[in-house]
>>> print(open('coords.txt').read())   # compact mmCIF, C-alpha atoms and all ligand atoms
# COMPACT_ATOMS: atom_id res chain seq x y z
CA MET S 245 58.96 23.20 10.99
CA LEU S 246 58.90 20.54 8.38
CA LYS S 247 56.09 18.80 10.23
CA SER S 248 53.87 21.85 10.22
CA ARG S 249 54.51 22.48 6.54
CA LYS S 250 53.46 18.91 5.88
CA SER S 251 50.22 19.33 7.80
CA LYS S 252 49.58 22.60 5.97
CA THR S 253 49.92 20.74 2.69
CA ILE S 254 47.50 18.12 3.92
CA ILE S 255 44.99 20.76 4.91
CA ILE S 256 45.35 22.44 1.52
CA ILE S 257 44.78 19.10 -0.21
CA ILE S 258 41.70 18.40 1.93
CA VAL S 259 40.32 21.88 1.22
CA ALA S 260 41.00 21.38 -2.49
CA ILE S 261 39.21 18.04 -2.49
CA PHE S 262 36.33 19.61 -0.58
CA ILE S 263 36.06 22.46 -3.08
CA GLY S 264 36.44 20.02 -5.97
CA MET S 265 33.61 17.87 -4.58
CA GLN S 266 31.29 20.86 -4.72
CA ALA S 267 31.48 20.69 -8.52
CA PHE S 268 29.90 17.23 -8.59
CA ARG S 269 26.22 17.75 -8.09
CA PRO S 270 23.51 15.22 -8.95
CA ASN S 271 20.75 16.90 -10.90
CA ILE S 272 17.58 17.36 -8.85
CA LYS S 273 15.96 19.96 -11.10
CA ALA S 274 12.32 19.29 -11.91
CA GLU S 275 9.61 21.09 -13.84
CA THR S 276 7.54 23.70 -12.01
CA ARG S 277 3.90 22.64 -11.70
CA LYS S 278 0.92 24.67 -10.63
CA GLU S 279 -0.06 24.19 -6.99
CA ASN S 280 -2.72 21.43 -6.98
CA LEU S 281 -3.09 19.96 -3.47
CA ASN S 282 -6.87 19.94 -3.04
CA LEU S 283 -6.59 19.55 0.73
CA PRO S 284 -7.66 21.77 3.64
CA THR S 285 -5.00 24.38 4.44
CA ASP S 286 -3.95 22.88 7.79
CA VAL S 287 -3.46 19.43 6.22
CA ALA S 288 -1.64 20.80 3.17
CA ASN S 289 0.65 22.92 5.35
CA ILE S 290 1.82 19.89 7.35
CA ILE S 291 2.60 17.96 4.19
CA LYS S 292 4.41 20.94 2.68
CA LYS S 293 6.49 21.51 5.80
CA ASP S 294 7.39 17.86 6.48
CA CYS S 295 7.29 16.02 3.16
CA TYR S 296 7.78 18.43 0.25
CA ASP S 297 11.58 18.41 0.35
CA CYS S 298 11.62 14.80 -0.89
CA HIS S 299 8.10 14.30 -2.23
CA SER S 300 7.54 17.27 -4.52
CA ASN S 301 9.26 19.24 -7.27
CA GLU S 302 9.50 22.13 -4.82
CA THR S 303 12.51 21.10 -2.81
CA ASN S 304 13.71 23.73 -0.38
CA LEU S 305 17.29 22.86 0.49
CA ARG S 306 18.88 24.47 3.55
CA TRP S 307 22.42 25.83 3.12
CA TYR S 308 23.90 22.81 4.94
CA ASP S 309 22.14 20.43 2.56
CA GLN S 310 23.84 22.14 -0.38
CA ILE S 311 27.36 21.26 0.73
CA GLN S 312 28.99 18.09 -0.56
CA PRO S 313 29.09 15.25 0.44
CA ALA S 314 25.78 15.90 2.29
CA PHE S 315 24.22 17.08 -0.95
CA SER S 316 24.67 13.70 -2.70
CA LEU S 317 22.92 11.90 0.16
CA VAL S 318 20.05 14.38 0.26
CA ALA S 319 19.79 14.37 -3.54
CA ASN S 320 19.50 10.59 -3.54
CA HIS S 321 16.66 10.79 -0.99
CA ILE S 322 14.95 13.40 -3.13
CA ILE S 323 15.25 11.37 -6.33
CA GLU S 324 14.02 8.15 -4.63
CA GLY S 325 11.39 10.01 -2.62
CA ARG S 326 9.90 11.68 -5.71
CA LYS S 327 9.76 8.30 -7.44
CA ALA S 328 7.79 6.80 -4.54
CA LEU S 329 5.40 9.72 -4.10
CA ASN S 330 5.33 13.18 -5.69
CA PHE S 331 2.74 15.63 -4.40
CA SER S 332 3.43 17.94 -7.36
CA TYR S 333 1.48 15.42 -9.50
CA TRP S 334 -1.34 15.04 -6.96
CA ASP S 335 -3.86 16.23 -9.59
CA THR S 336 -3.01 13.27 -11.83
CA LEU S 337 -4.32 10.77 -9.21
CA SER S 338 -7.96 9.65 -9.08
CA ALA S 339 -9.94 10.62 -5.97
CA ASP S 340 -9.62 7.04 -4.72
CA ALA S 341 -5.89 6.94 -5.30
CA GLN S 342 -5.53 10.27 -3.49
CA LYS S 343 -7.35 8.88 -0.46
CA ASN S 344 -5.31 5.67 -0.41
CA THR S 345 -2.06 7.55 -0.82
CA LEU S 346 -2.99 9.86 2.01
CA TYR S 347 -3.77 6.89 4.26
CA LEU S 348 -0.43 5.32 3.36
CA ALA S 349 1.32 8.64 4.03
CA VAL S 350 -0.34 9.20 7.40
CA ASN S 351 0.34 5.58 8.32
CA GLN S 352 4.05 6.05 7.55
CA VAL S 353 4.07 9.10 9.80
CA ILE S 354 2.25 7.31 12.65
CA LEU S 355 4.67 4.39 12.42
CA GLY S 356 7.58 6.85 12.54
CA ALA S 357 8.94 5.63 9.19
CA MET S 358 8.52 9.05 7.54
CA PRO S 359 10.12 11.54 7.23
CA LEU S 360 13.33 9.52 6.95
CA GLU S 361 15.30 9.11 10.20
CA SER S 362 18.51 10.62 8.77
CA TYR S 363 16.56 13.68 7.64
CA LYS S 364 14.77 14.21 10.95
CA LYS S 365 18.14 14.52 12.70
CA PHE S 366 19.00 17.69 10.79
CA HIS S 367 15.49 18.98 10.15
CA THR S 368 13.83 18.78 13.55
CA ASP S 369 11.22 21.28 12.35
CA ALA S 370 10.01 18.62 9.88
CA ILE S 371 9.08 16.10 12.60
CA PRO S 372 5.27 15.99 12.74
CA SER S 373 4.01 16.78 16.25
CA GLU S 374 1.26 14.77 18.01
CA GLN S 375 -1.07 17.64 17.24
CA GLU S 376 -0.21 17.57 13.54
CA ILE S 377 -0.69 13.80 13.38
CA ALA S 378 -4.12 14.29 14.99
CA ILE S 379 -5.02 16.82 12.27
CA LEU S 380 -4.04 14.35 9.53
CA LYS S 381 -5.98 11.49 11.14
CA LYS S 382 -9.05 13.61 11.71
CA TYR S 383 -9.10 14.66 8.08
CA LEU S 384 -8.93 11.04 6.87
CA ILE S 385 -11.82 10.05 9.12
CA GLN S 386 -13.80 13.03 7.88
CA ILE S 387 -13.46 12.09 4.20
CA SER S 388 -14.36 8.45 4.89
CA PRO S 389 -18.14 8.18 4.90
CA THR S 390 -19.54 6.03 7.71
CA LYS S 391 -22.90 4.37 7.34
CA ILE S 392 -24.80 3.65 10.56
CA SER S 393 -26.06 0.04 10.77
CA ASP S 394 -29.00 -1.07 12.91
CA SER S 395 -28.44 -3.44 15.82
CA ALA S 396 -29.81 -6.56 14.07
CA VAL S 397 -27.20 -6.26 11.32
CA VAL S 398 -24.44 -5.60 13.85
CA ASN S 399 -25.46 -8.59 16.04
CA ASN S 400 -25.65 -10.94 13.09
CA ALA S 401 -22.20 -9.88 11.89
CA ASN S 402 -20.78 -10.21 15.41
CA GLU S 403 -22.02 -13.75 15.69
CA LYS S 404 -20.28 -14.69 12.43
CA PHE S 405 -17.11 -12.95 13.54
CA ASN S 406 -17.03 -14.83 16.86
CA LYS S 407 -17.51 -18.11 15.04
CA TRP S 408 -14.58 -17.25 12.80
CA MET S 409 -12.34 -16.26 15.72
CA ASN S 410 -13.16 -19.55 17.45
CA GLY S 411 -12.18 -21.41 14.30
CA ASN S 412 -15.74 -22.64 13.77
CA ILE S 413 -16.03 -21.34 10.24
CA THR S 414 -14.20 -23.44 7.71
CA PHE S 415 -14.26 -22.59 4.06
CA ASN S 416 -14.79 -25.37 1.59
CA ASN S 417 -11.39 -26.99 1.28
CA LYS S 418 -11.21 -26.42 -2.46
CA VAL S 419 -9.80 -22.92 -2.08
CA LYS S 420 -7.62 -22.33 -5.17
CA PRO S 421 -3.94 -21.49 -4.69
CA ALA S 422 -2.74 -17.95 -5.44
CA ALA S 423 -1.22 -17.29 -8.89
CA ASN S 424 2.31 -17.74 -7.48
CA GLY S 425 1.39 -21.23 -6.25
CA ILE S 426 0.88 -20.44 -2.56
CA GLU S 427 -1.82 -22.61 -0.98
CA TYR S 428 -4.44 -21.29 1.41
CA ILE S 429 -3.84 -22.40 4.99
CA ASN S 430 -6.90 -23.79 6.71
CA GLY S 431 -7.17 -23.19 10.43
CA PHE S 432 -4.67 -20.37 10.81
CA GLN S 433 -7.22 -18.83 13.15
CA GLN S 434 -5.78 -21.19 15.78
CA TRP S 435 -2.46 -19.31 15.64
CA LYS S 436 -1.63 -16.50 18.07
CA VAL S 437 -3.18 -13.13 17.36
CA ILE S 438 -0.29 -10.69 17.31
CA ALA S 439 -2.13 -7.49 16.40
CA ILE S 440 -5.55 -6.09 15.73
CA THR S 441 -5.74 -2.89 13.73
CA ASP S 442 -8.60 -0.61 12.81
CA ARG S 443 -8.02 1.08 9.49
CA PHE S 444 -9.82 4.28 10.23
CA ASP S 445 -10.09 5.60 6.69
CA ASN S 446 -11.78 2.77 4.83
CA ASN S 447 -13.81 1.14 7.57
CA SER S 448 -12.12 -2.17 7.99
CA LEU S 449 -10.81 -4.19 10.91
CA ARG S 450 -7.81 -6.47 10.62
CA VAL S 451 -6.53 -9.34 12.73
CA ILE S 452 -2.92 -10.42 12.23
CA TYR S 453 -1.93 -13.95 13.22
CA GLY S 454 1.56 -15.46 13.51
CA ASN S 455 2.55 -19.13 13.37
CA ASP S 456 4.77 -20.75 16.04
CA ILE S 457 7.98 -19.79 14.25
CA ALA S 458 6.85 -16.15 14.21
CA VAL S 459 5.88 -16.21 17.87
CA ASN S 460 9.17 -17.84 18.95
CA ALA S 461 11.10 -15.32 16.87
CA ILE S 462 9.33 -12.49 18.68
CA LYS S 463 10.05 -14.03 22.07
CA SER S 464 13.76 -14.36 21.31
CA GLY S 465 13.96 -11.00 19.55
CA ASN S 466 15.16 -12.69 16.37
CA ILE S 467 12.98 -10.75 13.95
CA ASN S 468 15.23 -8.80 11.59
CA PRO S 469 15.26 -10.66 9.35
CA TRP S 470 12.44 -12.98 10.36
CA PRO S 471 13.56 -16.65 10.27
CA ASP S 472 12.60 -18.87 7.33
CA GLY S 473 9.28 -20.56 8.01
CA THR S 474 7.72 -17.46 9.59
CA ILE S 475 4.14 -17.01 8.43
CA PHE S 476 1.83 -14.06 8.99
CA ALA S 477 -1.83 -14.29 8.15
CA LYS S 478 -3.95 -11.17 8.07
CA ALA S 479 -7.73 -11.43 8.01
CA ALA S 480 -9.83 -8.34 7.32
CA TRP S 481 -13.47 -7.46 7.77
CA LYS S 482 -15.42 -4.47 6.64
CA SER S 483 -16.40 -2.69 9.81
CA LEU S 484 -19.86 -1.64 10.93
CA VAL S 485 -20.69 1.40 13.01
CA ASP S 486 -23.78 1.48 15.22
CA LYS S 487 -25.70 4.59 16.25
CA ASP S 488 -23.45 5.06 19.31
CA GLU S 489 -20.41 5.03 17.01
CA ASN S 490 -19.16 1.68 18.28
CA VAL S 491 -17.13 -0.05 15.58
CA SER S 492 -17.49 -3.79 15.08
CA PRO S 493 -16.59 -6.27 12.34
CA GLY S 494 -19.08 -6.68 9.50
CA GLU S 495 -18.76 -8.55 6.23
CA PHE S 496 -15.69 -10.76 5.81
CA TRP S 497 -13.32 -9.11 3.33
CA GLN S 498 -10.02 -10.95 2.72
CA VAL S 499 -7.17 -13.13 3.95
CA GLU S 500 -3.52 -12.39 3.20
CA LEU S 501 -0.38 -14.42 3.83
CA MET S 502 3.30 -13.57 4.07
CA ILE S 503 5.55 -16.65 4.12
CA LYS S 504 9.27 -16.18 4.80
CA ASP S 505 11.75 -18.17 2.74
CA GLN S 506 14.87 -16.24 1.87
CA LYS S 507 15.84 -18.57 -1.00
CA LYS S 508 12.54 -19.64 -2.47
CA TRP S 509 11.10 -16.11 -2.47
CA ALA S 510 14.36 -14.23 -3.11
CA ALA S 511 12.78 -12.38 -6.05
CA THR S 512 9.94 -11.01 -3.90
CA ASP S 513 11.88 -9.57 -0.98
CA GLY S 514 12.25 -12.98 0.74
CA TRP S 515 8.51 -13.32 1.29
CA GLY S 516 5.83 -15.36 -0.49
CA TRP S 517 2.72 -13.15 -0.77
CA ALA S 518 -0.85 -14.33 -1.24
CA ARG S 519 -4.34 -12.91 -0.93
CA TRP S 520 -7.86 -14.38 -1.16
CA ARG S 521 -10.92 -12.15 -1.45
CA GLY S 522 -14.48 -12.53 -0.21
CA THR S 523 -16.32 -15.30 1.60
CA ASP S 524 -15.59 -17.65 -1.33
CA LEU S 525 -11.85 -16.95 -0.96
CA LYS S 526 -11.14 -16.21 -4.58
CA PRO S 527 -7.39 -15.91 -5.29
CA TYR S 528 -6.49 -12.27 -5.90
CA GLY S 529 -4.61 -11.46 -9.10
CA ALA S 530 -4.54 -13.50 -12.29
CA LYS S 531 -0.76 -13.46 -12.67
CA ALA S 532 2.05 -14.09 -10.18
CA SER S 533 3.05 -10.45 -10.66
CA PHE S 534 0.16 -9.39 -8.40
CA THR S 535 2.81 -9.40 -5.68
CA THR S 536 4.28 -6.16 -7.05
CA GLU S 537 1.38 -4.35 -5.42
CA CYS S 538 2.13 -5.98 -2.06
CA MET S 539 5.85 -5.24 -2.24
CA ASN S 540 5.36 -1.62 -3.28
CA CYS S 541 3.19 -0.88 -0.30
CA HIS S 542 5.39 -2.80 2.16
CA GLN S 543 8.57 -1.22 0.71
CA PRO S 544 8.80 1.63 3.24
CA MET S 545 9.20 -1.04 5.95
CA LYS S 546 12.27 -2.54 4.28
CA ASP S 547 14.45 -1.83 7.33
CA ASN S 548 11.94 -3.89 9.30
CA ASP S 549 12.12 -6.87 6.89
CA PHE S 550 9.02 -5.49 5.08
CA VAL S 551 6.78 -6.15 8.06
CA PHE S 552 4.53 -3.35 9.31
CA THR S 553 3.54 -4.80 12.65
CA LEU S 554 6.37 -3.52 14.82
CA PRO S 555 8.35 -5.55 17.37
CA PHE S 556 7.58 -3.21 20.26
CA GLN S 557 3.87 -3.50 19.51
CA LEU S 558 4.23 -7.27 19.45
CA LYS S 559 6.18 -7.37 22.69
CA ASN S 560 3.63 -5.27 24.49
CA LYS S 561 0.91 -7.78 23.80
CA GLN S 562 -0.05 -9.71 26.92
CA ILE S 563 -0.39 -12.95 25.02
CA LEU S 564 3.28 -13.07 24.17
CA LYS S 565 4.63 -12.76 27.70
C1 LIG S 601 14.52 13.16 3.33
C2 LIG S 601 13.59 12.75 2.34
C3 LIG S 601 12.17 12.36 2.75
C4 LIG S 601 11.26 13.08 3.48
C5 LIG S 601 11.44 14.45 4.13
C6 LIG S 601 10.04 12.30 3.46
N1 LIG S 601 10.21 11.15 2.75
FE1 LIG S 601 8.80 9.76 2.33
N2 LIG S 601 10.15 8.68 1.22
C7 LIG S 601 11.47 9.04 1.02
C8 LIG S 601 12.13 8.03 0.22
C9 LIG S 601 13.59 8.04 -0.21
C10 LIG S 601 11.14 7.06 -0.08
C11 LIG S 601 11.31 5.81 -0.94
C12 LIG S 601 11.11 4.56 -0.17
C13 LIG S 601 12.26 4.18 0.68
O1 LIG S 601 13.34 3.87 0.13
O2 LIG S 601 12.11 4.15 1.93
C14 LIG S 601 9.91 7.50 0.58
C15 LIG S 601 8.72 6.80 0.54
C16 LIG S 601 7.53 7.27 1.08
C17 LIG S 601 6.27 6.59 0.98
C18 LIG S 601 6.03 5.26 0.31
C19 LIG S 601 5.40 5.44 -1.02
C20 LIG S 601 5.07 4.08 -1.66
O3 LIG S 601 4.33 4.08 -2.62
O4 LIG S 601 5.57 3.06 -1.20
C21 LIG S 601 5.34 7.33 1.64
C22 LIG S 601 3.86 7.06 1.79
C23 LIG S 601 6.03 8.48 2.16
N3 LIG S 601 7.37 8.41 1.82
C24 LIG S 601 5.44 9.47 2.90
C25 LIG S 601 6.09 10.57 3.44
C26 LIG S 601 5.43 11.59 4.21
C27 LIG S 601 3.95 11.61 4.55
C28 LIG S 601 6.39 12.50 4.55
C29 LIG S 601 6.20 13.74 5.39
C30 LIG S 601 5.59 13.60 6.69
C31 LIG S 601 7.65 12.03 3.99
N4 LIG S 601 7.42 10.85 3.33
C32 LIG S 601 8.86 12.71 4.10
C33 LIG S 601 12.09 10.18 1.48
C34 LIG S 601 11.49 11.15 2.28
C1 LIG S 602 -2.09 -0.10 0.44
C2 LIG S 602 -0.96 -0.66 1.09
C3 LIG S 602 -0.82 -2.17 1.21
C4 LIG S 602 -0.88 -3.09 0.19
C5 LIG S 602 -1.15 -2.86 -1.28
C6 LIG S 602 -0.62 -4.36 0.82
N1 LIG S 602 -0.42 -4.21 2.16
FE1 LIG S 602 -0.09 -5.71 3.52
N2 LIG S 602 -0.14 -4.34 5.02
C7 LIG S 602 -0.32 -2.99 4.87
C8 LIG S 602 -0.35 -2.35 6.19
C9 LIG S 602 -0.51 -0.86 6.48
C10 LIG S 602 -0.19 -3.39 7.13
C11 LIG S 602 -0.16 -3.24 8.67
C12 LIG S 602 -1.43 -3.77 9.30
C13 LIG S 602 -2.66 -2.99 8.93
O1 LIG S 602 -2.75 -1.79 9.21
O2 LIG S 602 -3.55 -3.58 8.32
C14 LIG S 602 -0.06 -4.62 6.36
C15 LIG S 602 0.13 -5.87 6.93
C16 LIG S 602 0.21 -7.06 6.22
C17 LIG S 602 0.40 -8.36 6.84
C18 LIG S 602 0.68 -8.62 8.29
C19 LIG S 602 2.19 -8.50 8.55
C20 LIG S 602 2.68 -7.05 8.58
O3 LIG S 602 3.40 -6.63 7.66
O4 LIG S 602 2.30 -6.33 9.51
C21 LIG S 602 0.33 -9.27 5.81
C22 LIG S 602 0.44 -10.78 5.95
C23 LIG S 602 0.13 -8.55 4.58
N3 LIG S 602 0.07 -7.19 4.85
C24 LIG S 602 0.05 -9.14 3.32
C25 LIG S 602 -0.12 -8.42 2.13
C26 LIG S 602 -0.24 -9.05 0.82
C27 LIG S 602 -0.17 -10.53 0.54
C28 LIG S 602 -0.44 -8.03 -0.08
C29 LIG S 602 -0.65 -8.11 -1.58
C30 LIG S 602 -1.64 -9.00 -2.11
C31 LIG S 602 -0.43 -6.78 0.68
N4 LIG S 602 -0.22 -7.06 2.01
C32 LIG S 602 -0.61 -5.55 0.12
C33 LIG S 602 -0.43 -2.30 3.71
C34 LIG S 602 -0.54 -2.88 2.44
>>> encode(input="coords.txt", output="structure tokens", more="lines below")
Ligand code: HEC
Ligand code: HEC
Amino acid sequence: MLKSRKSKTIIIIIVAIFIGMQAFRPNIKAETRKENLNLPTDVANIIKKDCYDCHSNETNLRWYDQIQPAFSLVANHIIEGRKALNFSYWDTLSADAQKNTLYLAVNQVILGAMPLESYKKFHTDAIPSEQEIAILKKYLIQISPTKISDSAVVNNANEKFNKWMNGNITFNNKVKPAANGIEYINGFQQWKVIAITDRFDNNSLRVIYGNDIAVNAIKSGNINPWPDGTIFAKAAWKSLVDKDENVSPGEFWQVELMIKDQKKWAATDGWGWARWRGTDLKPYGAKASFTTECMNCHQPMKDNDFVFTLPFQLKNKQILK
């Protein structure tokens, strides 16, 4: 008897706490803004369905999201999500910024990083389907003008590219260090290629190289976090398209480095970032704070130690067997 009265009391206390918790609600109210997504209806509809809950002022919470403690978690995602990207202010971005943001957004979806994993579990309707991803990709390609180059230009560029890949192009060794003191690394083209990506929206091709420490870390699965001493180098070329729509590398565009050192680069997410632009390898950014741009864009990959190129992609590469 006594026992059951005790458990009743406990239940009453739990219910009281539960009801009490409902009173604590983080404020997620935001101003109402006029609809301003200047995108085709099918593209806009996908973004509204899958992203608006966290990336717009028009959050549509389901009843189960409204109950504490779930609400605090969701509210935190909404507040952080709006800070990172808010489609309600789409009209305040320049055309270029809109295009870049869209690429970043579609990229996050393709990589499976967005919508957030915890959210997808309870909102299965907000998981973009293959078909929806295809619609997003197609739209990006459509708004990215492609210029057709004649075969002489393509051949010439290919020859230069092959020379580079074989390590036969060396830049003059007076390349200036980046503003945060990171030195250019000559000859990184001799490292293992761990990924080649084609950025479909702005016509560029990228080759990502890893040093021995990176390659060994991949082999042993020791990549989160990546060990100190890991270096990634990413080289990018503008791409050329011939009349048969074959894509090949054109003008050399830039080299970027990410150097892992948990202590030395603690203030920049444990990575030293550097970028050199153009065939004369001019350091990018006058002040060391140029790295903010790098970190902001790599931020969504924070659960992957800020690295985009994913382990399963790396493991599938023949060269690393
Ligand atoms: C449940 C909430 C939630 C949903 C739904 C969601 N996101 Fe996010 N998103 C976030 C949060 C939180 C961040 C902040 C970065 C972080 O901590 O990961 C973010 C960051 C981003 C960023 C990075 C912005 C930057 O400048 O670094 C992009 C791009 C993005 N989301 C795209 C999308 C897209 C596209 C969708 C829909 C397919 C989507 N998100 C759906 C919560 C969400
Ligand atoms: C607009 C977003 C964006 C910005 C800004 C950005 N990156 Fe990246 N970065 C990417 C993406 C996406 C990848 C994945 C490979 C690809 O698609 O090119 C990547 C890949 C890399 C890689 C290869 C390792 C990896 O994460 O896969 C390096 C190295 C790199 N970036 C360095 C930098 C440096 C240095 C800066 C700043 C000077 C920078 N990035 C700024 C988006 C960005």
>>> closest_atom_pairs(input="coords.txt", of="chain S", to="ligand LIG 601 (chain S)", cutoff="6 Å", atoms="all atoms listed in the file", output="CSV")
residue,atom,partner,partner_atom,distance
S:Ile291,CA,S:LIG601,C29,5.7
S:Asp294,CA,S:LIG601,C29,4.4
S:Cys295,CA,S:LIG601,C29,3.4
S:Asp297,CA,S:LIG601,C5,5.5
S:Cys298,CA,S:LIG601,C2,4.3
S:His321,CA,S:LIG601,C9,4.2
S:Ile322,CA,S:LIG601,C2,5.7
S:Glu324,CA,S:LIG601,C9,4.4
S:Gly325,CA,S:LIG601,C8,3.5
S:Ala328,CA,S:LIG601,C19,4.5
S:Leu329,CA,S:LIG601,C19,5.3
S:Leu348,CA,S:LIG601,C22,4.9
S:Ala349,CA,S:LIG601,C22,3.7
S:Val350,CA,S:LIG601,C27,5.7
S:Gln352,CA,S:LIG601,C22,5.9
S:Val353,CA,S:LIG601,C30,5.7
S:Met358,CA,S:LIG601,N4,4.7
S:Pro359,CA,S:LIG601,C32,3.6
S:Leu360,CA,S:LIG601,C3,5.2
S:Tyr363,CA,S:LIG601,C1,4.8
S:Asn540,CA,S:LIG601,O4,5.1
S:Cys541,CA,S:LIG601,O4,4.7
S:Gln543,CA,S:LIG601,O4,5.6
S:Pro544,CA,S:LIG601,O2,4.4
>>> residues_around(input="coords.txt", residues="region 464-477 of chain S", least_positions_apart="2", cutoff="9 Å", atoms="all atoms listed in the file", output="mmCIF file with C-alpha atoms, in the coordinates of the input")
data_model
loop_
_atom_site.group_PDB
_atom_site.id
_atom_site.type_symbol
_atom_site.label_atom_id
_atom_site.label_comp_id
_atom_site.auth_asym_id
_atom_site.auth_seq_id
_atom_site.Cartn_x
_atom_site.Cartn_y
_atom_site.Cartn_z
ATOM 1 C CA ILE S 429 -3.840 -22.400 4.990
ATOM 2 C CA PHE S 432 -4.670 -20.370 10.810
ATOM 3 C CA GLN S 433 -7.220 -18.830 13.150
ATOM 4 C CA VAL S 451 -6.530 -9.340 12.730
ATOM 5 C CA ILE S 452 -2.920 -10.420 12.230
ATOM 6 C CA TYR S 453 -1.930 -13.950 13.220
ATOM 7 C CA GLY S 454 1.560 -15.460 13.510
ATOM 8 C CA ASN S 455 2.550 -19.130 13.370
ATOM 9 C CA ASP S 456 4.770 -20.750 16.040
ATOM 10 C CA ILE S 457 7.980 -19.790 14.250
ATOM 11 C CA ALA S 458 6.850 -16.150 14.210
ATOM 12 C CA VAL S 459 5.880 -16.210 17.870
ATOM 13 C CA ASN S 460 9.170 -17.840 18.950
ATOM 14 C CA ALA S 461 11.100 -15.320 16.870
ATOM 15 C CA ILE S 462 9.330 -12.490 18.680
ATOM 16 C CA ALA S 479 -7.730 -11.430 8.010
ATOM 17 C CA VAL S 499 -7.170 -13.130 3.950
ATOM 18 C CA GLU S 500 -3.520 -12.390 3.200
ATOM 19 C CA LEU S 501 -0.380 -14.420 3.830
ATOM 20 C CA MET S 502 3.300 -13.570 4.070
ATOM 21 C CA ILE S 503 5.550 -16.650 4.120
ATOM 22 C CA LYS S 504 9.270 -16.180 4.800
ATOM 23 C CA ASP S 505 11.750 -18.170 2.740
ATOM 24 C CA GLN S 506 14.870 -16.240 1.870
ATOM 25 C CA LYS S 507 15.840 -18.570 -1.000
ATOM 26 C CA GLY S 514 12.250 -12.980 0.740
ATOM 27 C CA ASP S 547 14.450 -1.830 7.330
ATOM 28 C CA ASN S 548 11.940 -3.890 9.300
ATOM 29 C CA ASP S 549 12.120 -6.870 6.890
ATOM 30 C CA PRO S 555 8.350 -5.550 17.370
#
>>> closest_atom_pairs(input="coords.txt", of="chain S", to="ligand LIG 602 (chain S)", cutoff="7 Å", atoms="only C-alpha atoms and all ligand atoms", output="CSV")
residue,atom,partner,partner_atom,distance
S:Asn344,CA,S:LIG602,C1,6.7
S:Leu348,CA,S:LIG602,C1,6.4
S:Asn351,CA,S:LIG602,C9,6.8
S:Thr441,CA,S:LIG602,O1,5.5
S:Asp442,CA,S:LIG602,O1,7.0
S:Arg443,CA,S:LIG602,O1,6.0
S:Arg450,CA,S:LIG602,O2,5.6
S:Ile452,CA,S:LIG602,C18,5.6
S:Phe476,CA,S:LIG602,C22,4.7
S:Ala477,CA,S:LIG602,C22,4.7
S:Lys478,CA,S:LIG602,C22,4.9
S:Glu500,CA,S:LIG602,C27,4.7
S:Leu501,CA,S:LIG602,C22,4.3
S:Met502,CA,S:LIG602,C22,4.4
S:Trp517,CA,S:LIG602,C27,4.1
S:Ala518,CA,S:LIG602,C27,4.3
S:Arg519,CA,S:LIG602,C30,4.9
S:Tyr528,CA,S:LIG602,C30,7.0
S:Phe534,CA,S:LIG602,C30,6.6
S:Thr535,CA,S:LIG602,C29,5.5
S:Glu537,CA,S:LIG602,C5,5.1
S:Cys538,CA,S:LIG602,C32,3.5
S:Met539,CA,S:LIG602,C32,6.9
S:Asn540,CA,S:LIG602,C5,6.9
S:Cys541,CA,S:LIG602,C2,4.4
S:His542,CA,S:LIG602,C34,5.9
S:Phe550,CA,S:LIG602,O3,6.3
S:Val551,CA,S:LIG602,O3,3.4
S:Phe552,CA,S:LIG602,O4,3.7
S:Thr553,CA,S:LIG602,O4,3.7
>>> closest_residue(input="coords.txt", among="S:Gly516, S:Trp435, S:Phe366, S:Pro421", to="Trp307 (chain S)", atoms="only C-alpha atoms")
S:Phe366
>>> closest_atom_pairs(input="coords.txt", of="region 334-436 of chain S", to="region 491-498 of chain S", cutoff="12 Å", atoms="all atoms listed in the file", output="tab-separated table")
residue	atom	partner	partner_atom	distance
S:Thr390	CA	S:Val491	CA	10.2
S:Lys391	CA	S:Val491	CA	11.0
S:Ile392	CA	S:Val491	CA	9.9
S:Ser393	CA	S:Gly494	CA	9.8
S:Asp394	CA	S:Gly494	CA	11.9
S:Ser395	CA	S:Ser492	CA	11.0
S:Ala396	CA	S:Gly494	CA	11.7
S:Val397	CA	S:Gly494	CA	8.3
S:Val398	CA	S:Gly494	CA	7.0
S:Asn399	CA	S:Gly494	CA	9.3
S:Asn400	CA	S:Gly494	CA	8.6
S:Ala401	CA	S:Gly494	CA	5.1
S:Asn402	CA	S:Pro493	CA	6.5
S:Glu403	CA	S:Pro493	CA	9.8
S:Lys404	CA	S:Gly494	CA	8.6
S:Phe405	CA	S:Pro493	CA	6.8
S:Asn406	CA	S:Pro493	CA	9.7
S:Lys407	CA	S:Phe496	CA	11.9
S:Trp408	CA	S:Phe496	CA	9.6
S:Met409	CA	S:Pro493	CA	11.4
S:Ile413	CA	S:Phe496	CA	11.5
S:Tyr428	CA	S:Gln498	CA	11.8
>>> closest_residue(input="coords.txt", among="S:Ile371, S:Ala319, S:Ile261, S:Leu355", to="Lys292 (chain S)", atoms="all atoms listed in the file")
S:Ile371
>>> closest_residue(input="coords.txt", among="S:Leu525, S:Ala314, S:Val485, S:Ala422", to="Ser448 (chain S)", atoms="only C-alpha atoms")
S:Val485
>>> atom_distance(input="coords.txt", atom1="CA of Ile258 (chain S)", atom2="CA of Val318 (chain S)")
22.1 Å
>>> residues_near_point(input="coords.txt", point="(25.1, 19.2, 7.7)", cutoff="12 Å", atoms="all atoms listed in the file", output="list in words")
Leu305, Arg306, Trp307, Tyr308, Asp309, Gln310, Ile311, Gln312, Pro313, Ala314, Phe315, Ser316, Leu317, Val318, Ser362, Tyr363, Lys364, Lys365, Phe366 and His367 of chain S
>>> closest_residue(input="coords.txt", among="S:Ser483, S:Thr512, S:Thr303, S:Ser248", to="Ile272 (chain S)", atoms="only C-alpha atoms")
S:Thr303
